[in-house]
$ cat input-v1.txt   # compact mmCIF, C-alpha atoms
# COMPACT_ATOMS: atom_id res chain seq x y z
CA MET A 1 0.00 0.00 0.00
CA SER A 2 1.56 3.27 -1.09
CA ILE A 3 1.49 6.41 1.04
CA LEU A 4 -0.80 8.03 -1.52
CA SER A 5 -3.37 5.24 -1.30
CA MET A 6 -3.16 5.39 2.50
CA CYS A 7 -3.92 9.13 2.28
CA GLN A 8 -6.84 8.35 -0.05
CA TRP A 9 -8.15 5.74 2.39
CA LEU A 10 -7.77 8.14 5.32
CA GLN A 11 -9.71 11.01 3.78
CA ASP A 12 -12.42 8.58 2.60
CA THR A 13 -13.10 7.37 6.14
CA ASP A 14 -16.35 8.52 7.75
CA ILE A 15 -14.57 11.07 9.93
CA GLY A 16 -12.54 12.48 7.03
CA THR A 17 -15.58 12.81 4.78
CA SER A 18 -17.83 14.34 7.42
CA ILE A 19 -15.27 16.98 8.43
CA ARG A 20 -14.58 17.86 4.78
CA GLU A 21 -18.26 18.19 3.91
CA SER A 22 -19.34 19.97 7.08
CA ILE A 23 -20.36 23.62 7.14
CA TRP A 24 -19.21 24.35 10.68
CA VAL A 25 -16.78 21.66 11.84
CA PHE A 26 -14.02 22.39 9.33
CA PRO A 27 -14.00 26.19 9.93
CA ILE A 28 -14.05 25.63 13.70
CA ILE A 29 -11.10 23.20 13.58
CA GLU A 30 -9.24 25.49 11.18
CA GLY A 31 -9.97 28.60 13.27
CA THR A 32 -8.78 26.84 16.42
CA HIS A 33 -5.61 25.74 14.61
CA VAL A 34 -4.88 29.37 13.65
CA LEU A 35 -5.76 30.98 16.98
CA ALA A 36 -3.84 28.38 19.00
CA LEU A 37 -0.74 29.71 17.22
CA SER A 38 -0.81 32.45 19.84
CA ILE A 39 -0.61 29.94 22.71
CA SER A 40 1.95 27.61 21.11
CA VAL A 41 4.30 29.73 19.00
CA GLY A 42 3.32 32.96 20.81
CA LEU A 43 4.53 31.63 24.17
CA LEU A 44 7.51 29.89 22.58
CA MET A 45 8.50 33.27 21.17
CA VAL A 46 8.69 34.80 24.65
CA SER A 47 11.08 32.11 25.89
CA ASP A 48 13.09 32.29 22.64
CA LEU A 49 13.41 36.06 23.03
CA ARG A 50 14.75 35.53 26.56
CA LEU A 51 17.29 33.03 25.17
CA MET A 52 18.31 35.60 22.58
CA GLY A 53 18.73 38.20 25.33
CA TYR A 54 15.99 40.58 24.19
CA ILE A 55 13.30 40.32 26.85
CA MET A 56 12.99 39.97 30.66
CA LYS A 57 16.79 40.09 30.93
CA ARG A 58 16.76 40.58 34.71
CA ARG A 59 14.88 37.32 35.21
CA PRO A 60 16.58 33.89 35.23
CA VAL A 61 16.31 32.09 31.90
CA SER A 62 15.05 28.92 33.60
CA GLU A 63 12.24 30.85 35.31
CA VAL A 64 11.05 32.48 32.07
CA TYR A 65 11.25 29.15 30.22
CA GLU A 66 9.99 26.62 32.78
CA GLN A 67 6.91 28.55 33.88
CA ILE A 68 5.70 29.11 30.37
CA LYS A 69 6.45 25.54 29.28
CA PRO A 70 3.26 23.70 30.41
CA TRP A 71 1.05 26.34 28.73
CA MET A 72 3.16 26.22 25.63
CA PHE A 73 2.84 22.43 25.49
CA ALA A 74 -0.92 22.74 25.96
CA GLY A 75 -0.90 25.11 22.97
CA PHE A 76 1.15 22.67 20.89
CA ALA A 77 -1.20 19.83 21.89
CA ILE A 78 -4.13 21.84 20.48
CA MET A 79 -2.09 22.48 17.31
CA VAL A 80 -1.27 18.79 16.85
CA ILE A 81 -4.82 17.56 17.49
CA THR A 82 -6.48 20.12 15.19
CA GLY A 83 -3.69 19.62 12.66
CA ILE A 84 -4.29 15.85 12.56
CA PHE A 85 -8.00 16.40 11.86
CA LEU A 86 -7.22 18.94 9.13
CA PHE A 87 -4.84 16.44 7.51
CA TRP A 88 -7.33 13.61 7.98
CA CYS A 89 -10.02 15.28 5.86
CA GLN A 90 -7.74 16.38 2.99
CA ALA A 91 -4.85 13.96 3.12
CA VAL A 92 -4.42 13.56 -0.65
CA LYS A 93 -4.19 17.32 -1.26
CA ALA A 94 -1.70 17.57 1.59
CA TYR A 95 0.32 14.68 0.20
CA ASN A 96 0.54 16.41 -3.17
CA SER A 97 1.48 19.78 -1.67
CA ILE A 98 5.16 20.73 -1.59
CA PHE A 99 4.35 23.23 1.19
CA PHE A 100 2.89 20.47 3.38
CA LYS A 101 5.94 18.26 2.90
CA THR A 102 8.24 21.19 3.66
CA LYS A 103 6.19 21.96 6.75
CA ILE A 104 6.58 18.41 8.07
CA VAL A 105 10.34 18.46 7.45
CA LEU A 106 10.64 21.82 9.22
CA LEU A 107 8.58 20.51 12.17
CA VAL A 108 11.05 17.65 12.54
CA VAL A 109 13.99 20.08 12.36
CA ALA A 110 12.32 22.32 15.00
CA ALA A 111 11.85 19.28 17.25
CA ILE A 112 15.53 18.31 16.80
CA ASN A 113 16.55 21.90 17.61
CA ALA A 114 14.50 21.77 20.83
CA ILE A 115 15.94 18.40 21.86
CA VAL A 116 19.55 19.50 21.13
CA PHE A 117 18.95 22.62 23.22
CA GLU A 118 17.41 20.71 26.15
CA ARG A 119 20.07 17.98 26.14
CA GLY A 120 22.92 20.37 25.40
CA ILE A 121 23.46 23.90 26.68
CA TYR A 122 20.30 23.97 28.79
CA ARG A 123 21.69 21.20 31.07
CA LYS A 124 24.28 23.71 32.23
CA VAL A 125 21.74 26.53 32.63
CA GLY A 126 22.88 26.95 36.26
CA GLN A 127 26.06 28.54 34.95
CA TRP A 128 24.33 31.16 32.80
CA ASP A 129 20.82 31.40 34.27
CA ASN A 130 21.20 35.07 35.23
CA ALA A 131 23.19 36.16 32.18
CA LEU A 132 21.63 39.24 30.57
CA VAL A 133 22.65 37.78 27.22
CA PRO A 134 22.91 33.95 27.24
CA PRO A 135 25.87 32.09 25.62
CA THR A 136 26.07 31.81 21.82
CA GLU A 137 24.79 28.22 21.75
CA ALA A 138 21.59 29.23 23.55
CA ARG A 139 21.11 32.32 21.40
CA VAL A 140 21.52 30.26 18.24
CA ALA A 141 18.89 27.81 19.52
CA GLY A 142 16.51 30.75 20.12
CA TRP A 143 17.10 32.25 16.66
CA ALA A 144 16.81 28.85 14.97
CA SER A 145 13.54 28.17 16.77
CA LEU A 146 11.98 31.51 15.79
CA ILE A 147 13.09 31.29 12.15
CA LEU A 148 11.91 27.67 11.86
CA TRP A 149 8.51 28.49 13.31
CA ALA A 150 8.09 31.51 11.02
CA ALA A 151 8.84 29.18 8.10
CA ILE A 152 6.40 26.56 9.43
CA ILE A 153 3.64 29.17 9.70
CA THR A 154 4.42 30.35 6.16
CA CYS A 155 4.23 26.81 4.77
CA GLY A 156 0.99 26.12 6.63
CA ARG A 157 -0.68 29.30 5.40
CA THR A 158 0.62 28.95 1.85
CA MET A 159 -0.46 25.31 1.42
CA ALA A 160 -4.04 26.41 2.00
CA TYR A 161 -3.83 28.72 -1.04
CA THR A 162 -2.92 25.81 -3.28
CA PHE A 163 -5.86 23.66 -2.07
CA MET B 1 -49.19 43.80 -2.90
CA GLY B 2 -52.25 42.88 -0.91
CA CYS B 3 -55.14 44.95 0.28
CA TYR B 4 -53.16 45.77 3.45
CA HIS B 5 -50.42 47.60 1.64
CA HIS B 6 -51.43 50.85 3.28
CA LEU B 7 -50.33 49.26 6.58
CA ARG B 8 -46.73 48.93 5.45
CA PRO B 9 -44.49 51.11 7.61
CA HIS B 10 -43.32 52.97 4.54
CA ASP B 11 -42.85 56.37 6.13
CA GLY B 12 -40.97 54.91 9.07
CA LEU B 13 -38.47 53.17 6.81
CA HIS B 14 -38.02 56.32 4.82
CA VAL B 15 -37.16 58.32 7.91
CA LEU B 16 -34.72 55.64 9.08
CA GLY B 17 -33.20 55.50 5.59
CA ALA B 18 -32.42 59.19 5.66
CA TYR B 19 -30.24 58.66 8.72
CA THR B 20 -28.42 55.55 7.45
CA LEU B 21 -24.87 56.37 6.44
CA ASN B 22 -24.19 55.07 2.97
CA LEU B 23 -20.68 53.62 2.95
CA THR B 24 -20.79 52.11 -0.54
CA PRO B 25 -18.84 54.96 -2.25
CA PHE B 26 -16.11 54.73 0.40
CA PHE B 27 -15.70 50.96 -0.02
CA GLN B 28 -15.79 51.39 -3.80
CA TRP B 29 -13.04 54.02 -3.58
CA CYS B 30 -10.93 51.69 -1.38
CA ASP B 31 -11.43 48.90 -3.89
CA ASP B 32 -10.21 51.12 -6.77
CA THR B 33 -6.99 52.59 -5.32
CA VAL B 34 -3.66 51.98 -7.08
CA VAL B 35 -2.52 49.84 -4.12
CA SER B 36 -5.67 47.69 -4.28
CA GLN B 37 -5.19 47.03 -7.98
CA ALA B 38 -1.49 46.32 -7.57
CA ILE B 39 -2.19 43.71 -4.87
CA ARG B 40 -4.98 42.14 -6.95
CA ASN B 41 -2.80 42.01 -10.05
CA SER B 42 0.11 40.34 -8.26
CA ARG B 43 0.10 36.62 -7.72
CA PHE B 44 2.26 36.78 -4.60
CA ALA B 45 1.33 40.05 -2.88
CA PHE B 46 -1.81 38.82 -1.13
CA PRO B 47 -0.34 35.58 0.30
CA VAL B 48 2.85 37.39 1.39
CA ILE B 49 0.90 40.15 3.16
CA GLU B 50 -1.41 37.57 4.72
CA ASN B 51 1.61 35.67 6.08
CA PHE B 52 2.84 38.83 7.80
CA HIS B 53 -0.68 39.34 9.14
CA LEU B 54 -0.45 35.84 10.63
CA PHE B 55 3.05 36.36 12.13
CA ALA B 56 1.79 39.55 13.77
CA LEU B 57 -1.27 37.70 15.08
CA THR B 58 1.02 35.15 16.74
CA VAL B 59 3.08 37.88 18.43
CA LEU B 60 0.12 40.10 19.36
CA LEU B 61 -2.08 37.39 20.83
CA GLY B 62 0.97 35.56 22.25
CA SER B 63 2.13 38.58 24.25
CA LEU B 64 -1.44 39.17 25.43
CA VAL B 65 -1.81 35.54 26.55
CA VAL B 66 1.43 35.76 28.56
CA LEU B 67 0.29 38.96 30.29
CA CYS B 68 -3.16 37.52 31.05
CA LEU B 69 -1.65 34.30 32.43
CA ARG B 70 0.46 36.52 34.71
CA GLN B 71 -2.62 38.47 35.82
CA PHE B 72 -4.47 35.24 36.57
CA GLY B 73 -1.50 34.34 38.78
CA LEU B 74 -0.55 31.26 36.73
CA ILE B 75 3.01 32.24 35.70
CA TYR B 76 5.87 34.56 36.79
CA LYS B 77 4.34 35.14 40.24
CA THR B 78 7.52 36.72 41.62
CA GLN B 79 7.57 39.30 38.83
CA PRO B 80 5.28 42.35 39.29
CA ILE B 81 2.51 42.50 36.66
CA SER B 82 3.54 46.03 35.62
CA GLU B 83 7.07 44.70 34.91
CA VAL B 84 5.76 41.85 32.70
CA ALA B 85 3.50 44.32 30.89
CA LEU B 86 6.43 46.69 30.30
CA ALA B 87 8.63 43.86 28.97
CA LEU B 88 5.93 42.75 26.52
CA ARG B 89 4.80 46.25 25.52
CA PRO B 90 7.15 46.84 22.55
CA TRP B 91 6.31 43.41 21.10
CA ASN B 92 2.62 44.03 21.59
CA LEU B 93 2.72 47.49 19.97
CA TRP B 94 4.98 46.56 17.05
CA SER B 95 2.92 43.50 16.21
CA LEU B 96 -0.20 45.67 16.39
CA ALA B 97 1.39 48.09 13.90
CA VAL B 98 2.22 45.22 11.51
CA MET B 99 -1.26 43.79 12.05
CA LEU B 100 -3.01 47.05 11.17
CA THR B 101 -0.74 47.83 8.19
CA SER B 102 -1.07 44.38 6.64
CA GLY B 103 -4.77 44.30 7.53
CA ILE B 104 -5.42 47.59 5.74
CA LEU B 105 -3.56 46.34 2.65
CA LEU B 106 -5.56 43.09 2.64
CA PHE B 107 -8.77 45.07 3.04
CA LEU B 108 -7.94 47.48 0.20
CA SER B 109 -7.37 44.58 -2.19
CA GLU B 110 -10.88 43.21 -1.58
CA ALA B 111 -12.85 46.09 -0.11
CA MET B 112 -16.06 45.39 -2.03
CA LYS B 113 -15.91 41.73 -1.01
CA CYS B 114 -15.62 42.83 2.63
CA TYR B 115 -18.49 45.30 2.27
CA GLY B 116 -21.17 42.67 2.11
CA ASN B 117 -19.37 40.29 4.47
CA THR B 118 -21.04 39.88 7.88
CA SER B 119 -17.89 38.40 9.44
CA PHE B 120 -15.95 41.48 8.34
CA ARG B 121 -18.43 43.76 10.10
CA VAL B 122 -18.27 41.62 13.25
CA LYS B 123 -14.48 41.75 13.07
CA MET B 124 -14.44 45.55 12.78
CA PHE B 125 -16.77 45.78 15.77
CA PHE B 126 -14.45 43.56 17.83
CA LEU B 127 -11.37 45.42 16.56
CA PHE B 128 -12.61 48.88 17.55
CA ALA B 129 -13.87 47.56 20.88
CA ALA B 130 -10.53 45.82 21.55
CA LEU B 131 -8.45 48.88 20.62
CA LEU B 132 -10.66 51.16 22.69
CA PHE B 133 -10.58 48.83 25.69
CA GLN B 134 -6.84 48.26 25.50
CA PHE B 135 -5.78 51.90 25.21
CA THR B 136 -8.31 53.44 27.58
CA ILE B 137 -8.70 50.86 30.33
CA TYR B 138 -6.52 47.76 30.06
CA SER B 139 -3.07 49.31 29.58
CA ARG B 140 -3.70 51.69 32.49
CA ILE B 141 -4.78 48.84 34.76
CA VAL B 142 -1.76 46.62 34.09
CA LYS B 143 0.62 49.57 34.54
CA LYS B 144 -0.45 49.88 38.17
CA GLU B 145 -0.69 46.22 39.17
CA GLY B 146 1.88 44.74 41.54
CA THR B 147 2.46 41.12 42.51
CA SER B 148 -1.20 40.13 42.36
CA ALA B 149 -4.11 41.39 40.30
CA PRO B 150 -7.37 42.35 42.04
CA LEU B 151 -10.59 40.79 40.76
CA GLY B 152 -11.18 43.83 38.53
CA GLY B 153 -7.79 43.33 36.89
CA LYS B 154 -8.51 39.65 36.25
CA ILE B 155 -11.87 40.52 34.70
CA ALA B 156 -10.15 43.14 32.51
CA ALA B 157 -7.68 40.46 31.41
CA GLY B 158 -10.57 38.14 30.50
CA VAL B 159 -12.33 40.92 28.56
CA ALA B 160 -9.14 41.80 26.65
CA LEU B 161 -8.63 38.11 25.76
CA CYS B 162 -12.24 37.72 24.57
CA LEU B 163 -12.14 40.90 22.47
CA TRP B 164 -8.82 40.13 20.75
CA PHE B 165 -9.63 36.47 20.15
CA GLY B 166 -12.99 37.67 18.84
CA VAL B 167 -11.10 39.77 16.29
CA GLY B 168 -9.07 36.71 15.27
CA LEU B 169 -12.03 34.36 15.06
CA ALA B 170 -14.19 36.77 13.06
CA GLY B 171 -11.20 37.47 10.83
CA ARG B 172 -10.79 33.80 10.07
CA ALA B 173 -14.52 33.59 9.38
CA ILE B 174 -14.34 36.27 6.63
CA GLY B 175 -12.99 33.70 4.20
CA PHE B 176 -15.20 30.85 5.37
CA LEU B 177 -18.65 32.08 6.23
CA GLY B 178 -19.10 35.35 4.39
$ encode --input "input-v1.txt" --output "structure tokens"
Amino acid sequence: MSILSMCQWLQDTDIGTSIRESIWVFPIIEGTHVLALSISVGLLMVSDLRLMGYIMKRRPVSEVYEQIKPWMFAGFAIMVITGIFLFWCQAVKAYNSIFFKTKIVLLVVAAINAIVFERGIYRKVGQWDNALVPPTEARVAGWASLILWAAIITCGRTMAYTF
Amino acid sequence: MGCYHHLRPHDGLHVLGAYTLNLTPFFQWCDDTVVSQAIRNSRFAFPVIENFHLFALTVLLGSLVVLCLRQFGLIYKTQPISEVALALRPWNLWSLAVMLTSGILLFLSEAMKCYGNTSFRVKMFFLFAALLFQFTIYSRIVKKEGTSAPLGGKIAAGVALCLWFGVGLAGRAIGFLG
């Protein structure tokens, strides 16, 4: 079974068809996906800006990051759930879209960036927690995260134009 | 027209009509500007502007969510609310500037489409209410708040959230519901 035929099967399921053909459900899922950007990427931006040394400089990096983290993850959970349903109902179009494929690749890269940061420089945060401007490695992680997420948003918005 | 046509409130409607502001020429003018035509004639202008509109939404609503979470006492409890508000202020204001600029450009390129669009009208209502609330009440409240927000401050945070998310939701509905 090819990936394309799996996508075809997925969007032909009852759930896929009913979301696609609904008047209200699709806009509500889509609207939630867009507005939850503010909770996921919006909160991530604040901790990235602290890592880059642009915001809340007098506060420890770990405080700015850790307190926002559960809310940020809640935001990303909403993004993933609504995103899965959006994919579910138009899987074939997504499969054929270069923007969707790019988006998935960038999501993986963003996840790798986050893991490298957590397992790397952030383990030694005790040494630079109060630094007004964090070390280069942390700043690069912050910049990479913001640029990747801007690109992910662009891909997500642009793929909808080609549908 | 039946035999009761003399009962139609014709005069009443006429009086009301005289006081209704006719905005059609204004929307038509917006639709015809050089900028509007340039955006319509370009394949990439609209999607590019819309992407910036979306980036700005993320920053604007993101900074508001952080401030409201702080007011609800859910994050950064050791940091005074006024300090959090001050730190987020430039991001909030710059994203608002990008939001309004890109929003006006998007509007110009399809002004006549927006004219008959109920969601657009709802969005404008929420937008003016949100701007008015933020710059007259909300920003003054958060400037004065210390380590914990009184009930009034928390309610103001909830109102600000509802108004701004209302703008976002109605904005998304412009394309979907008409």
$ closest_residue --input "input-v1.txt" --among "B:Lys123, B:Lys143, B:Lys113, B:Lys77" --to "chain A" --atoms "all atoms listed in the file"
B:Lys77
$ closest_atom_pairs --input "input-v1.txt" --of "segment 52-125 of chain B" --to "segment 49-70 of chain A" --cutoff "10 Å" --atoms "all atoms listed in the file" --output "tab-separated table"
residue	atom	partner	partner_atom	distance
B:Val66	CA	A:Ile68	CA	8.1
B:Leu69	CA	A:Ile68	CA	9.2
B:Leu74	CA	A:Gln67	CA	8.4
B:Ile75	CA	A:Gln67	CA	5.7
B:Tyr76	CA	A:Gln67	CA	6.8
B:Lys77	CA	A:Gln67	CA	9.5
B:Thr78	CA	A:Arg59	CA	9.8
B:Gln79	CA	A:Arg59	CA	8.4
B:Glu83	CA	A:Met56	CA	8.7
B:Val84	CA	A:Met56	CA	7.7
B:Leu86	CA	A:Met56	CA	9.4
B:Ala87	CA	A:Met56	CA	6.1
B:Leu88	CA	A:Ile55	CA	7.8
B:Pro90	CA	A:Ile55	CA	9.9
B:Trp91	CA	A:Ile55	CA	9.6
$ closest_residue --input "input-v1.txt" --among "B:Leu61, B:Ala173, B:Ile81, B:Leu100" --to "Thr118 of chain B" --atoms "all atoms listed in the file"
B:Ala173
$ residues_around --input "input-v1.txt" --residues "segment 104-120 of chain A" --least-positions-apart "3" --cutoff "7 Å" --atoms "all atoms listed in the file" --output "list in words"
Phe100, Lys101, Arg123, Ala141, Ser145, Leu148 and Ile152 of chain A
$ residues_around --input "input-v1.txt" --residues "Cys114 of chain B" --least-positions-apart "4" --cutoff "9 Å" --atoms "all atoms listed in the file" --output "list in words"
Phe27, Phe107, Glu110, Thr118, Ser119, Phe120, Arg121, Ile174 and Gly178 of chain B
$ interface_residues --input "input-v1.txt" --of "chain A" --to "chain B" --cutoff "9 Å" --atoms "only C-alpha atoms" --output "JSON, numbers by chain"
{"A": [23, 24, 27, 30, 31, 32, 34, 35, 36, 37, 38, 39, 40, 41, 42, 43, 44, 45, 46, 55, 56, 59, 63, 64, 67, 68, 150, 153, 154, 157, 158, 161]}
$ atom_distance --input "input-v1.txt" --atom1 "atom CA of Lys154 of chain B" --atom2 "atom CA of Arg70 of chain B"
9.6 Å
$ atom_distance --input "input-v1.txt" --atom1 "atom CA of Gln8 of chain A" --atom2 "atom CA of Ala94 of chain A"
10.7 Å
$ closest_residue --input "input-v1.txt" --among "A:Trp143, A:Trp71, A:Phe163, A:Trp128" --to "Lys93 of chain A" --atoms "only C-alpha atoms"
A:Phe163
$ atom_distance --input "input-v1.txt" --atom1 "atom CA of Gly126 of chain A" --atom2 "atom CA of Arg139 of chain A"
15.9 Å
$ residues_around --input "input-v1.txt" --residues "Ser36 of chain B" --least-positions-apart "5" --cutoff "12 Å" --atoms "all atoms listed in the file" --output "ChimeraX atom specification"
/B:27-31,41-42,45-46,104-112
$ residues_near_point --input "input-v1.txt" --point "(-9.8, 16.8, 13.4)" --cutoff "10 Å" --atoms "only C-alpha atoms" --output "VMD selection string"
chain A and resid 15 to 16 19 to 20 25 to 26 28 to 30 33 80 to 89
$ write_last_selection --input "input-v1.txt" --atoms "C-alpha atoms" --output "tab-separated table (two decimals), in the coordinates of the input"
chain	number	residue	atom	x	y	z
A	15	ILE	CA	-14.57	11.07	9.93
A	16	GLY	CA	-12.54	12.48	7.03
A	19	ILE	CA	-15.27	16.98	8.43
A	20	ARG	CA	-14.58	17.86	4.78
A	25	VAL	CA	-16.78	21.66	11.84
A	26	PHE	CA	-14.02	22.39	9.33
A	28	ILE	CA	-14.05	25.63	13.70
A	29	ILE	CA	-11.10	23.20	13.58
A	30	GLU	CA	-9.24	25.49	11.18
A	33	HIS	CA	-5.61	25.74	14.61
A	80	VAL	CA	-1.27	18.79	16.85
A	81	ILE	CA	-4.82	17.56	17.49
A	82	THR	CA	-6.48	20.12	15.19
A	83	GLY	CA	-3.69	19.62	12.66
A	84	ILE	CA	-4.29	15.85	12.56
A	85	PHE	CA	-8.00	16.40	11.86
A	86	LEU	CA	-7.22	18.94	9.13
A	87	PHE	CA	-4.84	16.44	7.51
A	88	TRP	CA	-7.33	13.61	7.98
A	89	CYS	CA	-10.02	15.28	5.86
$ axis_aligned_box --input "input-v1.txt" --around "segment 158-168 of chain B" --padding-each-side "3 Å" --output "JSON"
{"center_x": -10.8, "center_y": 39.1, "center_z": 22.9, "size_x": 10.4, "size_y": 11.3, "size_z": 21.2}
$ build_atoms --input "input-v1.txt" --residues "segment 83-101 of chain B" --atoms "N, CA and C atoms" --output "short mmCIF file (atom, residue, chain, number, x, y, z; two decimals), in the coordinates of the input"
data_model
loop_
_atom_site.label_atom_id
_atom_site.label_comp_id
_atom_site.auth_asym_id
_atom_site.auth_seq_id
_atom_site.Cartn_x
_atom_site.Cartn_y
_atom_site.Cartn_z
N GLU B 83 5.78 45.00 35.53
CA GLU B 83 7.07 44.70 34.91
C GLU B 83 6.89 43.79 33.69
N VAL B 84 6.04 42.75 33.83
CA VAL B 84 5.76 41.85 32.70
C VAL B 84 5.13 42.64 31.55
N ALA B 85 4.18 43.52 31.91
CA ALA B 85 3.50 44.32 30.89
C ALA B 85 4.50 45.21 30.15
N LEU B 86 5.43 45.79 30.90
CA LEU B 86 6.43 46.69 30.30
C LEU B 86 7.36 45.91 29.37
N ALA B 87 7.74 44.69 29.79
CA ALA B 87 8.63 43.86 28.97
C ALA B 87 7.95 43.47 27.66
N LEU B 88 6.65 43.21 27.72
CA LEU B 88 5.93 42.75 26.52
C LEU B 88 5.44 43.89 25.64
N ARG B 89 5.39 45.09 26.21
CA ARG B 89 4.80 46.25 25.52
C ARG B 89 5.33 46.49 24.11
N PRO B 90 6.67 46.58 23.93
CA PRO B 90 7.15 46.84 22.55
C PRO B 90 6.71 45.77 21.56
N TRP B 91 6.70 44.51 21.99
CA TRP B 91 6.31 43.41 21.10
C TRP B 91 4.84 43.51 20.76
N ASN B 92 4.05 43.87 21.78
CA ASN B 92 2.62 44.03 21.59
C ASN B 92 2.34 45.17 20.61
N LEU B 93 3.01 46.32 20.81
CA LEU B 93 2.72 47.49 19.97
C LEU B 93 3.24 47.31 18.54
N TRP B 94 4.45 46.76 18.40
CA TRP B 94 4.98 46.56 17.05
C TRP B 94 4.15 45.57 16.24
N SER B 95 3.73 44.49 16.94
CA SER B 95 2.92 43.50 16.21
C SER B 95 1.57 44.12 15.84
N LEU B 96 1.06 45.00 16.71
CA LEU B 96 -0.20 45.67 16.39
C LEU B 96 -0.03 46.55 15.14
N ALA B 97 1.13 47.24 15.07
CA ALA B 97 1.39 48.09 13.90
C ALA B 97 1.45 47.25 12.62
N VAL B 98 2.13 46.10 12.69
CA VAL B 98 2.22 45.22 11.51
C VAL B 98 0.83 44.68 11.16
N MET B 99 0.10 44.32 12.21
CA MET B 99 -1.26 43.79 12.05
C MET B 99 -2.16 44.78 11.30
N LEU B 100 -2.15 46.05 11.76
CA LEU B 100 -3.01 47.05 11.17
C LEU B 100 -2.57 47.38 9.74
N THR B 101 -1.24 47.52 9.53
CA THR B 101 -0.74 47.83 8.19
C THR B 101 -1.10 46.73 7.20
#
